[in-house]
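Undergrad: Contents of final06.txt (compact mmCIF, C-alpha atoms and all ligand atoms) are given next:
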```txt
# COMPACT_ATOMS: atom_id res chain seq x y z
CA MET N 1 -48.87 -9.39 -39.34
CA THR N 2 -47.49 -11.17 -36.27
CA VAL N 3 -43.74 -11.61 -35.83
CA THR N 4 -44.12 -15.32 -36.63
CA GLU N 5 -45.94 -14.53 -39.88
CA LEU N 6 -43.39 -11.88 -40.76
CA LYS N 7 -40.45 -14.24 -40.33
CA LYS N 8 -42.20 -16.76 -42.55
CA ALA N 9 -42.86 -14.09 -45.18
CA PHE N 10 -39.18 -13.06 -44.99
CA VAL N 11 -38.00 -16.59 -45.74
CA GLU N 12 -40.42 -16.86 -48.66
CA ILE N 13 -38.90 -13.72 -50.19
CA TYR N 14 -35.20 -14.10 -49.36
CA GLY N 15 -34.79 -17.84 -48.67
CA GLY N 16 -32.61 -19.32 -45.90
CA SER N 17 -33.91 -20.14 -42.44
CA GLU N 18 -35.54 -18.16 -39.65
CA ASP N 19 -32.66 -18.82 -37.24
CA ASP N 20 -30.53 -15.80 -38.08
CA LEU N 21 -33.36 -13.26 -38.30
CA ARG N 22 -33.66 -10.23 -36.04
CA VAL N 23 -36.72 -8.06 -35.64
CA PHE N 24 -36.84 -4.33 -34.90
CA SER N 25 -39.69 -1.89 -34.54
CA ALA N 26 -40.29 1.85 -34.30
CA ALA N 27 -43.46 3.73 -33.50
CA GLY N 28 -45.89 6.03 -35.23
CA ARG N 29 -46.83 8.91 -32.95
CA VAL N 30 -49.70 11.11 -31.93
CA ASN N 31 -48.93 14.68 -30.95
CA LEU N 32 -51.17 15.71 -28.05
CA ILE N 33 -50.41 19.42 -28.35
CA GLY N 34 -47.66 21.73 -29.62
CA GLU N 35 -48.25 21.78 -33.36
CA HIS N 36 -45.99 23.45 -35.91
CA ILE N 37 -43.64 24.70 -33.24
CA ASP N 38 -40.90 22.05 -33.17
CA TYR N 39 -39.04 23.86 -35.96
CA CYS N 40 -39.41 27.12 -33.98
CA GLY N 41 -37.63 25.73 -30.90
CA GLY N 42 -40.84 25.12 -28.92
CA LYS N 43 -41.79 22.35 -26.54
CA VAL N 44 -44.01 19.63 -27.99
CA PHE N 45 -45.98 16.85 -26.34
CA PRO N 46 -46.12 13.68 -28.47
CA ALA N 47 -46.49 10.00 -27.55
CA ALA N 48 -45.49 6.80 -29.37
CA LEU N 49 -48.27 4.52 -30.61
CA ASN N 50 -48.97 0.84 -31.08
CA LEU N 51 -49.25 1.69 -34.80
CA ARG N 52 -45.71 0.82 -35.91
CA THR N 53 -43.18 -0.11 -38.55
CA THR N 54 -41.57 -3.50 -38.00
CA VAL N 55 -38.44 -4.67 -39.83
CA VAL N 56 -37.32 -8.28 -40.11
CA ALA N 57 -33.60 -8.26 -40.87
CA ARG N 58 -30.73 -10.55 -41.81
CA LYS N 59 -27.11 -9.52 -42.17
CA THR N 60 -25.50 -10.69 -45.44
CA ASN N 61 -21.98 -10.54 -46.81
CA ALA N 62 -23.01 -8.59 -49.89
CA ASP N 63 -22.40 -4.86 -50.26
CA VAL N 64 -26.06 -4.12 -50.87
CA ILE N 65 -29.16 -3.53 -48.75
CA ARG N 66 -32.21 -5.26 -50.20
CA LEU N 67 -35.67 -3.96 -49.31
CA ALA N 68 -39.08 -5.59 -49.50
CA ALA N 69 -42.43 -4.82 -47.88
CA THR N 70 -45.51 -6.79 -46.96
CA THR N 71 -47.91 -4.23 -48.38
CA ILE N 72 -46.34 -3.30 -51.72
CA SER N 73 -44.73 -5.38 -54.42
CA ASP N 74 -41.72 -3.10 -55.14
CA ARG N 75 -38.34 -4.69 -54.44
CA VAL N 76 -35.36 -2.36 -54.12
CA THR N 77 -31.61 -2.99 -54.00
CA LEU N 78 -29.42 -0.21 -52.55
CA GLU N 79 -25.69 -0.33 -53.26
CA ILE N 80 -23.89 0.65 -50.07
CA ASN N 81 -21.17 2.44 -52.02
CA ASN N 82 -23.68 4.46 -53.99
CA LEU N 83 -26.29 5.43 -51.39
CA ASP N 84 -26.63 8.98 -52.70
CA ALA N 85 -28.31 7.69 -55.87
CA TYR N 86 -31.81 6.78 -54.64
CA ARG N 87 -33.48 10.11 -53.97
CA ASP N 88 -36.10 9.58 -56.70
CA LEU N 89 -37.32 6.14 -55.69
CA LYS N 90 -41.08 5.81 -55.26
CA TRP N 91 -40.48 3.53 -52.28
CA GLY N 92 -37.15 2.93 -50.52
CA ASP N 93 -35.99 6.55 -50.64
CA TYR N 94 -36.51 6.99 -46.87
CA GLN N 95 -34.45 3.88 -46.12
CA ALA N 96 -31.74 4.98 -48.56
CA GLY N 97 -31.62 8.45 -46.98
CA VAL N 98 -31.18 7.04 -43.49
CA ALA N 99 -28.42 4.64 -44.60
CA PHE N 100 -26.72 7.51 -46.45
CA VAL N 101 -26.64 9.95 -43.50
CA MET N 102 -25.70 7.17 -41.04
CA LYS N 103 -22.73 6.20 -43.21
CA GLN N 104 -21.65 9.85 -43.37
CA SER N 105 -21.87 10.08 -39.61
CA GLY N 106 -19.63 7.09 -38.82
CA TYR N 107 -21.88 4.05 -38.70
CA GLU N 108 -20.64 0.88 -40.40
CA ILE N 109 -23.36 0.17 -42.92
CA VAL N 110 -23.37 -3.56 -43.57
CA GLY N 111 -25.13 -5.57 -46.25
CA CYS N 112 -28.52 -6.88 -45.20
CA ASP N 113 -31.92 -8.07 -46.37
CA LEU N 114 -34.89 -6.25 -44.84
CA LEU N 115 -38.63 -6.85 -44.86
CA TYR N 116 -40.89 -3.95 -43.79
CA ASP N 117 -44.36 -4.22 -42.33
CA THR N 118 -46.14 -1.06 -41.24
CA THR N 119 -49.42 -0.52 -39.47
CA VAL N 120 -49.09 3.28 -39.41
CA PRO N 121 -51.66 4.48 -41.95
CA PHE N 122 -49.85 6.27 -44.75
CA GLY N 123 -50.35 10.04 -44.99
CA SER N 124 -52.35 10.05 -41.76
CA GLY N 125 -50.33 12.59 -39.78
CA LEU N 126 -49.24 9.76 -37.46
CA SER N 127 -45.65 9.76 -38.73
CA SER N 128 -45.48 6.80 -41.03
CA SER N 129 -42.30 8.26 -42.57
CA ALA N 130 -40.56 8.79 -39.24
CA SER N 131 -41.40 5.24 -38.18
CA ILE N 132 -39.74 3.92 -41.35
CA GLU N 133 -36.69 6.13 -40.81
CA VAL N 134 -36.24 5.21 -37.16
CA ALA N 135 -36.92 1.49 -37.69
CA THR N 136 -34.31 1.51 -40.45
CA GLY N 137 -31.84 3.41 -38.28
CA ARG N 138 -32.39 1.07 -35.32
CA THR N 139 -31.73 -1.96 -37.55
CA LEU N 140 -28.64 -0.58 -39.27
CA ALA N 141 -27.22 0.65 -35.94
CA ALA N 142 -27.52 -2.83 -34.42
CA PHE N 143 -25.55 -4.30 -37.34
CA SER N 144 -23.05 -1.42 -37.23
CA ALA N 145 -22.32 -2.12 -33.56
CA GLU N 146 -21.55 -5.76 -34.35
CA LYS N 147 -18.96 -4.63 -36.87
CA GLY N 148 -17.27 -2.19 -34.50
CA GLY N 149 -18.99 0.93 -35.87
CA LYS N 150 -21.22 3.33 -33.93
CA GLY N 151 -23.96 1.54 -31.98
CA VAL N 152 -27.54 2.23 -30.97
CA ASP N 153 -28.13 5.73 -29.61
CA LEU N 154 -31.83 6.58 -29.77
CA ILE N 155 -31.36 10.35 -29.78
CA ASP N 156 -28.78 10.14 -32.55
CA LEU N 157 -31.15 7.96 -34.59
CA ALA N 158 -33.91 10.56 -34.19
CA VAL N 159 -31.58 13.37 -35.24
CA LEU N 160 -30.31 11.41 -38.25
CA GLY N 161 -33.86 10.46 -39.25
CA GLN N 162 -34.76 14.15 -39.34
CA LYS N 163 -31.53 14.99 -41.16
CA SER N 164 -32.19 12.41 -43.87
CA GLU N 165 -35.77 13.62 -44.36
CA ASN N 166 -34.52 17.24 -44.62
CA THR N 167 -31.51 16.67 -46.84
CA TYR N 168 -32.37 13.51 -48.78
CA ASN N 169 -36.16 13.58 -49.12
CA GLY N 170 -36.64 17.35 -49.32
CA VAL N 171 -39.11 17.74 -46.45
CA ASN N 172 -38.02 20.41 -44.03
CA CYS N 173 -39.59 18.70 -40.98
CA GLY N 174 -38.70 19.33 -37.35
CA ILE N 175 -37.42 16.75 -34.84
CA MET N 176 -40.70 15.84 -33.11
CA ASP N 177 -41.78 12.78 -35.10
CA GLN N 178 -38.46 10.96 -35.18
CA PHE N 179 -37.88 11.73 -31.50
CA ALA N 180 -41.24 10.28 -30.44
CA SER N 181 -40.82 7.29 -32.75
CA SER N 182 -37.43 6.56 -31.22
CA LEU N 183 -37.75 7.58 -27.56
CA GLY N 184 -41.41 6.99 -26.77
CA LYS N 185 -42.28 5.33 -23.46
CA LYS N 186 -45.26 3.12 -22.70
CA ASP N 187 -48.21 5.06 -21.19
CA ASN N 188 -46.23 8.33 -21.19
CA ALA N 189 -46.16 11.43 -23.31
CA ILE N 190 -42.82 13.14 -23.98
CA LEU N 191 -42.47 16.80 -23.12
CA LEU N 192 -39.67 17.58 -25.57
CA ASN N 193 -37.80 20.86 -25.76
CA CYS N 194 -36.99 21.04 -29.47
CA LYS N 195 -34.37 23.74 -28.95
CA THR N 196 -32.19 21.72 -26.54
CA LEU N 197 -33.54 18.15 -27.01
CA GLU N 198 -34.02 17.92 -23.24
CA TYR N 199 -37.09 15.87 -22.45
CA ASP N 200 -39.29 14.59 -19.65
CA TYR N 201 -41.77 11.76 -19.62
CA VAL N 202 -45.21 12.68 -18.30
CA PRO N 203 -47.57 9.80 -17.41
CA LEU N 204 -50.54 9.97 -19.74
CA ASP N 205 -53.08 9.30 -17.05
CA LEU N 206 -56.43 10.53 -18.31
CA GLY N 207 -58.53 9.09 -15.49
CA ASP N 208 -62.05 8.42 -16.77
CA TYR N 209 -61.08 9.58 -20.26
CA ALA N 210 -59.53 7.89 -23.29
CA LEU N 211 -57.75 9.15 -26.41
CA VAL N 212 -59.58 8.57 -29.65
CA ILE N 213 -57.67 9.00 -32.90
CA ALA N 214 -59.67 9.44 -36.09
CA ASN N 215 -58.56 9.84 -39.70
CA CYS N 216 -60.55 12.30 -41.82
CA ASN N 217 -59.44 10.31 -44.89
CA LYS N 218 -59.00 13.34 -47.06
CA PRO N 219 -56.28 12.61 -49.55
CA ARG N 220 -53.46 15.03 -48.80
CA SER N 221 -52.29 17.33 -51.53
CA LEU N 222 -49.39 19.77 -51.73
CA GLN N 223 -48.69 19.04 -48.11
CA ASP N 224 -44.92 19.17 -48.34
CA SER N 225 -44.83 22.47 -50.20
CA LYS N 226 -47.32 24.12 -47.84
CA TYR N 227 -45.34 22.79 -44.88
CA ASN N 228 -42.11 24.28 -46.22
CA GLU N 229 -43.98 27.55 -46.89
CA ARG N 230 -45.11 27.79 -43.25
CA ARG N 231 -41.54 27.23 -42.08
CA ALA N 232 -40.33 30.01 -44.34
CA GLU N 233 -43.01 32.36 -42.96
CA CYS N 234 -41.82 31.59 -39.42
CA GLU N 235 -38.22 32.33 -40.40
CA GLU N 236 -39.30 35.65 -41.90
CA ALA N 237 -41.23 36.47 -38.70
CA LEU N 238 -38.21 35.66 -36.53
CA THR N 239 -35.83 37.82 -38.56
CA LYS N 240 -38.22 40.78 -38.28
CA LEU N 241 -38.94 40.23 -34.58
CA GLN N 242 -35.20 40.10 -33.84
CA THR N 243 -34.97 43.76 -34.86
CA VAL N 244 -37.10 44.57 -31.78
CA ILE N 245 -36.26 41.58 -29.54
CA PRO N 246 -32.54 41.10 -30.30
CA ASN N 247 -31.96 38.30 -27.79
CA ALA N 248 -34.61 35.98 -29.29
CA THR N 249 -32.84 33.03 -30.93
CA CYS N 250 -36.09 31.37 -32.05
CA LEU N 251 -39.81 32.19 -31.98
CA ALA N 252 -40.23 29.99 -28.89
CA ASP N 253 -38.01 32.42 -26.93
CA ILE N 254 -40.72 35.10 -27.24
CA THR N 255 -43.54 35.21 -24.66
CA PRO N 256 -47.12 36.06 -25.66
CA LYS N 257 -46.81 39.27 -23.60
CA GLN N 258 -43.64 40.38 -25.43
CA PHE N 259 -45.25 39.46 -28.74
CA ASN N 260 -48.36 41.53 -28.05
CA GLU N 261 -46.22 44.51 -27.07
CA VAL N 262 -43.97 44.65 -30.12
CA ALA N 263 -45.05 42.35 -32.96
CA GLY N 264 -47.42 44.92 -34.48
CA LYS N 265 -44.45 47.18 -35.17
CA VAL N 266 -42.64 44.74 -37.44
CA LEU N 267 -45.13 42.09 -38.58
CA SER N 268 -48.36 42.21 -40.51
CA GLY N 269 -50.84 39.98 -42.36
CA LYS N 270 -50.22 36.25 -42.60
CA VAL N 271 -46.70 36.41 -41.16
CA TYR N 272 -48.09 38.10 -38.04
CA ASP N 273 -50.75 35.38 -37.71
CA ARG N 274 -48.27 32.52 -38.16
CA ALA N 275 -45.94 33.90 -35.48
CA LYS N 276 -48.85 34.58 -33.12
CA HIS N 277 -49.89 30.93 -33.40
CA VAL N 278 -46.37 29.75 -32.64
CA VAL N 279 -45.87 32.00 -29.63
CA GLU N 280 -49.27 31.16 -28.11
CA GLU N 281 -49.05 27.45 -28.88
CA CYS N 282 -45.67 27.30 -27.11
CA ALA N 283 -47.31 28.73 -23.98
CA ARG N 284 -50.29 26.37 -24.33
CA VAL N 285 -48.01 23.32 -24.26
CA ILE N 286 -46.49 24.33 -20.92
CA ASP N 287 -49.93 25.07 -19.44
CA SER N 288 -51.50 21.89 -20.74
CA ALA N 289 -48.65 19.68 -19.47
CA GLU N 290 -49.12 21.29 -16.04
CA ALA N 291 -52.86 20.61 -16.20
CA LEU N 292 -52.23 16.98 -17.10
CA LYS N 293 -49.73 16.55 -14.25
CA LYS N 294 -52.36 17.88 -11.84
CA GLY N 295 -55.04 15.56 -13.25
CA GLU N 296 -57.06 18.51 -14.62
CA ILE N 297 -58.23 16.61 -17.67
CA VAL N 298 -61.12 18.91 -18.61
CA LYS N 299 -58.72 21.85 -18.68
CA PHE N 300 -56.28 19.78 -20.73
CA GLY N 301 -59.08 19.09 -23.23
CA GLU N 302 -59.87 22.80 -23.49
CA TYR N 303 -56.24 23.52 -24.45
CA LEU N 304 -56.57 20.97 -27.25
CA ASN N 305 -59.61 22.85 -28.58
CA GLN N 306 -57.76 26.16 -28.45
CA SER N 307 -54.82 24.62 -30.30
CA HIS N 308 -57.14 23.51 -33.11
CA TYR N 309 -58.77 26.94 -33.42
CA SER N 310 -55.35 28.57 -33.66
CA LEU N 311 -54.18 26.09 -36.31
CA ARG N 312 -57.42 26.77 -38.21
CA ASP N 313 -57.56 30.56 -37.95
CA LEU N 314 -53.96 31.72 -37.59
CA TYR N 315 -51.78 28.99 -39.03
CA GLU N 316 -54.32 27.80 -41.65
CA VAL N 317 -53.29 24.16 -41.84
CA THR N 318 -56.54 22.40 -40.92
CA GLY N 319 -58.88 22.47 -43.93
CA ASP N 320 -62.58 21.61 -44.18
CA TYR N 321 -62.26 17.89 -43.47
CA LEU N 322 -60.25 18.21 -40.24
CA ASP N 323 -62.42 21.13 -39.14
CA ALA N 324 -65.60 19.12 -39.67
CA LEU N 325 -64.25 16.02 -37.95
CA SER N 326 -62.98 17.90 -34.90
CA ALA N 327 -66.14 20.05 -34.66
CA ARG N 328 -68.39 16.98 -34.81
CA SER N 329 -66.19 15.34 -32.17
CA ARG N 330 -66.26 18.37 -29.88
CA GLU N 331 -70.05 18.65 -29.95
CA THR N 332 -70.59 14.94 -29.21
CA GLU N 333 -71.41 13.84 -25.67
CA GLY N 334 -68.44 12.73 -23.61
CA CYS N 335 -65.83 14.65 -25.65
CA ILE N 336 -63.92 17.36 -23.78
CA GLY N 337 -61.37 18.30 -26.43
CA SER N 338 -60.46 17.60 -30.04
CA ARG N 339 -57.81 18.84 -32.43
CA MET N 340 -55.90 17.97 -35.57
CA THR N 341 -52.58 16.23 -34.95
CA GLY N 342 -49.45 16.30 -37.11
CA ALA N 343 -48.77 18.53 -40.08
CA GLY N 344 -52.43 19.00 -41.03
CA PHE N 345 -53.98 19.54 -44.49
CA GLY N 346 -55.62 16.13 -43.94
CA GLY N 347 -54.79 13.22 -41.65
CA CYS N 348 -55.97 12.67 -38.10
CA THR N 349 -57.68 14.26 -35.14
CA VAL N 350 -57.05 13.36 -31.52
CA SER N 351 -59.97 13.66 -29.09
CA ILE N 352 -60.40 13.12 -25.37
CA VAL N 353 -63.57 11.19 -24.65
CA LYS N 354 -65.19 9.77 -21.52
CA LYS N 355 -64.29 6.07 -21.46
CA ASP N 356 -67.87 4.83 -21.14
CA LYS N 357 -68.99 7.02 -24.08
CA VAL N 358 -66.31 6.03 -26.60
CA GLU N 359 -68.41 3.52 -28.53
CA GLU N 360 -71.37 5.88 -28.84
CA PHE N 361 -69.01 8.75 -29.67
CA ILE N 362 -67.45 6.88 -32.60
CA LYS N 363 -70.86 5.91 -33.99
CA THR N 364 -72.24 9.45 -33.76
CA VAL N 365 -69.18 11.24 -35.12
CA ASP N 366 -68.86 8.72 -37.95
CA GLU N 367 -72.45 9.31 -39.08
CA LYS N 368 -72.39 13.08 -38.78
CA TYR N 369 -69.00 13.45 -40.46
CA PHE N 370 -70.13 11.27 -43.35
CA ALA N 371 -73.29 13.36 -43.73
CA ASP N 372 -71.17 16.54 -43.76
CA MET N 373 -68.35 15.53 -46.06
CA GLY N 374 -69.43 12.42 -47.99
CA VAL N 375 -66.29 10.60 -46.80
CA ARG N 376 -66.06 8.02 -44.02
CA ALA N 377 -63.63 8.62 -41.17
CA SER N 378 -61.50 5.78 -39.74
CA PHE N 379 -61.14 5.29 -36.01
CA TYR N 380 -58.10 3.50 -34.58
CA ALA N 381 -57.81 1.43 -31.43
CA THR N 382 -54.58 2.86 -30.07
CA SER N 383 -52.37 2.54 -27.02
CA ILE N 384 -49.24 4.42 -25.97
CA GLU N 385 -46.14 2.24 -26.30
CA ASN N 386 -42.34 2.30 -26.28
CA GLY N 387 -40.33 3.79 -29.12
CA ALA N 388 -37.66 1.98 -31.12
CA GLN N 389 -36.68 -1.47 -29.91
CA GLU N 390 -35.55 -4.93 -30.86
CA ILE N 391 -38.26 -7.57 -30.53
CA PHE N 392 -37.28 -10.95 -29.13
CA GLU N 393 -39.91 -13.56 -29.96
C1 LIG U 1 -44.91 17.08 -39.23
C2 LIG U 1 -43.41 17.27 -39.04
C3 LIG U 1 -43.07 17.61 -37.57
C4 LIG U 1 -43.93 18.76 -37.06
C5 LIG U 1 -45.40 18.52 -37.39
C6 LIG U 1 -46.26 19.71 -37.04
O1 LIG U 1 -45.36 15.96 -38.55
O2 LIG U 1 -42.70 16.11 -39.43
O3 LIG U 1 -41.70 17.91 -37.46
O4 LIG U 1 -43.49 19.99 -37.56
O5 LIG U 1 -45.60 18.23 -38.76
O6 LIG U 1 -46.26 19.94 -35.67
```
I'd like the structure from this file rewritten - as structure tokens, please.
Ligand code: GLA
TA:
Amino acid sequence: MTVTELKKAFVEIYGGSEDDLRVFSAAGRVNLIGEHIDYCGGKVFPAALNLRTTVVARKTNADVIRLAATTISDRVTLEINNLDAYRDLKWGDYQAGVAFVMKQSGYEIVGCDLLYDTTVPFGSGLSSSASIEVATGRTLAAFSAEKGGKGVDLIDLAVLGQKSENTYNGVNCGIMDQFASSLGKKDNAILLNCKTLEYDYVPLDLGDYALVIANCNKPRSLQDSKYNERRAECEEALTKLQTVIPNATCLADITPKQFNEVAGKVLSGKVYDRAKHVVEECARVIDSAEALKKGEIVKFGEYLNQSHYSLRDLYEVTGDYLDALSARSRETEGCIGSRMTGAGFGGCTVSIVKKDKVEEFIKTVDEKYFADMGVRASFYATSIENGAQEIFE
């Protein structure tokens, strides 16, 4: 929906006029490379997308936050003095979690009516949840500032978005998604150090190539529990590796060389494989960012392929659908790299494809993937945009 349509829809739901409405937006993201390493202190390389969550908002004098959405009929009322009580909501639990942790951390949470519109496909691995969290945080922070509470600080909003997802919604995610959703920059990827939260923008200049994002459309199942399981395996690996590398504070502190020298002494089986993925993926991010800075796009694409193979063979988070979609992409003319993006177990691939071959690429991959899996993929027209912002229209 356009902003004009959204304002109209808001007034139909909540009444009043359009004059006192404000509009905020936060991004979905694609992660170019650096998967399942944010919670191990690694560097990741995401970018904010034009797929977004938009919130139309009006401050009220009530002590409740009312929530509505354009795509679902649920209406939710959150009492500001009882924000801890909404963990089991089917929809609205992410907004409640953000308001709850913001209140705890010194923001003035004021009564408001909110209408949500999201174009980030749900369960796609493009961070629909983070975009809801950050859009909510951006909105509530703007109102908090007006009332003399804490104001808009994009890093704080990312950190609180992650905190609410961890502590309120029970998903032990890292910081990557909320950070990209909040701090993304048009036409740039963010090289984010998840241990220190230091970050650099790197222009996403792919020359003759374009990014193509495709959804394998496999319904995700058990994703959250498998995600939390992988995190636990990494923690186990770290504890064991610290007995032989005492100065390692996280898996990202360990180089592939160090790992190869000592890991066999303390790790075995799946835990060895998980840690090997993390250590090697951390190195791949640094190398691939260097390649991109130098304009070595073919090399960059090859790192994406290697990342996928490692997520498939060592980390085991890809699954048949993502494997088929990325393999069909990789073998199609014009494609120089393809991998799953996000948590995995379903969701999207990101591929790098020669600009003048994109149309043909989509047609070919679509047909072959459908023949393989009996499910149609979706392809999105994406661009790299800014993170969280107020929209003045
Ligand atoms: C999800 C999480 C992120 C990150 C990715 C995997 O998107 O929310 O924190 O761990 O999976 O890289």
Undergrad: Please write out the residues within 6 Å of ligand LIG 1 (chain U) as an MDAnalysis selection string, counting all atoms listed in the file.
TA: chainID N and resid 35:38 173:177 342:343
Undergrad: Please provide as a count of residues only all residues within 10 Å of segment 271-279 of chain N, with the sequence filter that same-chain residues fewer than 2 positions apart are discarded (counting only C-alpha atoms).
TA: 49
Undergrad: As a PDB file with C-alpha atoms, in the coordinates of the input, please: the residues near segment 368-374 of chain N (cut-off 8 Å, only C-alpha atoms, same-chain neighbours under 2 positions excluded).
TA:
```pdb
ATOM      1  CA  TYR N 321     -62.260  17.890 -43.470  1.00  0.00           C
ATOM      2  CA  ALA N 324     -65.600  19.120 -39.670  1.00  0.00           C
ATOM      3  CA  LEU N 325     -64.250  16.020 -37.950  1.00  0.00           C
ATOM      4  CA  ARG N 328     -68.390  16.980 -34.810  1.00  0.00           C
ATOM      5  CA  THR N 364     -72.240   9.450 -33.760  1.00  0.00           C
ATOM      6  CA  VAL N 365     -69.180  11.240 -35.120  1.00  0.00           C
ATOM      7  CA  ASP N 366     -68.860   8.720 -37.950  1.00  0.00           C
ATOM      8  CA  ARG N 376     -66.060   8.020 -44.020  1.00  0.00           C
ATOM      9  CA  ALA N 377     -63.630   8.620 -41.170  1.00  0.00           C
TER      10      ALA N 377
END
```
Undergrad: Please, what distance in Å, to one decimal, runs between atom CA of Asp224 of chain N and atom CA of Asp93 of chain N?
TA: 15.6 Å
Undergrad: Can you pull out every residue within 12 Å of Val298 of chain N, counting only C-alpha atoms, but drop anything in the same chain fewer than 2 positions away, and send it as JSON, numbers by chain?
TA: {"N": [206, 207, 208, 209, 288, 291, 292, 294, 295, 296, 300, 301, 302, 303, 304, 305, 334, 335, 336, 337, 338, 351, 352, 353, 354]}
Undergrad: Any chance you could export the current selection's C-alpha atoms as a JSON list (two decimals), in the frame of the given file?
TA:
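Once written, out-v4.json looks like this:
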```json
[["chain", "number", "residue", "atom", "x", "y", "z"],
["N", 206, "LEU", "CA", -56.43, 10.53, -18.31],
["N", 207, "GLY", "CA", -58.53, 9.09, -15.49],
["N", 208, "ASP", "CA", -62.05, 8.42, -16.77],
["N", 209, "TYR", "CA", -61.08, 9.58, -20.26],
["N", 288, "SER", "CA", -51.50, 21.89, -20.74],
["N", 291, "ALA", "CA", -52.86, 20.61, -16.20],
["N", 292, "LEU", "CA", -52.23, 16.98, -17.10],
["N", 294, "LYS", "CA", -52.36, 17.88, -11.84],
["N", 295, "GLY", "CA", -55.04, 15.56, -13.25],
["N", 296, "GLU", "CA", -57.06, 18.51, -14.62],
["N", 300, "PHE", "CA", -56.28, 19.78, -20.73],
["N", 301, "GLY", "CA", -59.08, 19.09, -23.23],
["N", 302, "GLU", "CA", -59.87, 22.80, -23.49],
["N", 303, "TYR", "CA", -56.24, 23.52, -24.45],
["N", 304, "LEU", "CA", -56.57, 20.97, -27.25],
["N", 305, "ASN", "CA", -59.61, 22.85, -28.58],
["N", 334, "GLY", "CA", -68.44, 12.73, -23.61],
["N", 335, "CYS", "CA", -65.83, 14.65, -25.65],
["N", 336, "ILE", "CA", -63.92, 17.36, -23.78],
["N", 337, "GLY", "CA", -61.37, 18.30, -26.43],
["N", 338, "SER", "CA", -60.46, 17.60, -30.04],
["N", 351, "SER", "CA", -59.97, 13.66, -29.09],
["N", 352, "ILE", "CA", -60.40, 13.12, -25.37],
["N", 353, "VAL", "CA", -63.57, 11.19, -24.65],
["N", 354, "LYS", "CA", -65.19, 9.77, -21.52]]
```
Undergrad: Just how far from atom CA of Thr118 of chain N is atom CA of Met340 of chain N, in Å to one decimal?
TA: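 Rounded to one decimal, the two atoms are 22.1 Å apart.
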Undergrad: One number please: atom CA of Ile286 of chain N to atom CA of Lys43 of chain N, in Å, one decimal.
TA: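 Going from atom CA of Ile286 of chain N over to atom CA of Lys43 of chain N covers 7.6 Å.
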Undergrad: Calculate, to one decimal in Å, the centre and edge lengths of the box along x, y and z of the file that holds all listed atoms of segment 343-348 of chain N with 5 Å of margin on each side, and present them as lines of an AutoDock Vina configuration file.
TA:
```
center_x = -52.4
center_y = 16.1
center_z = -41.3
size_x = 17.2
size_y = 16.9
size_z = 16.4
```
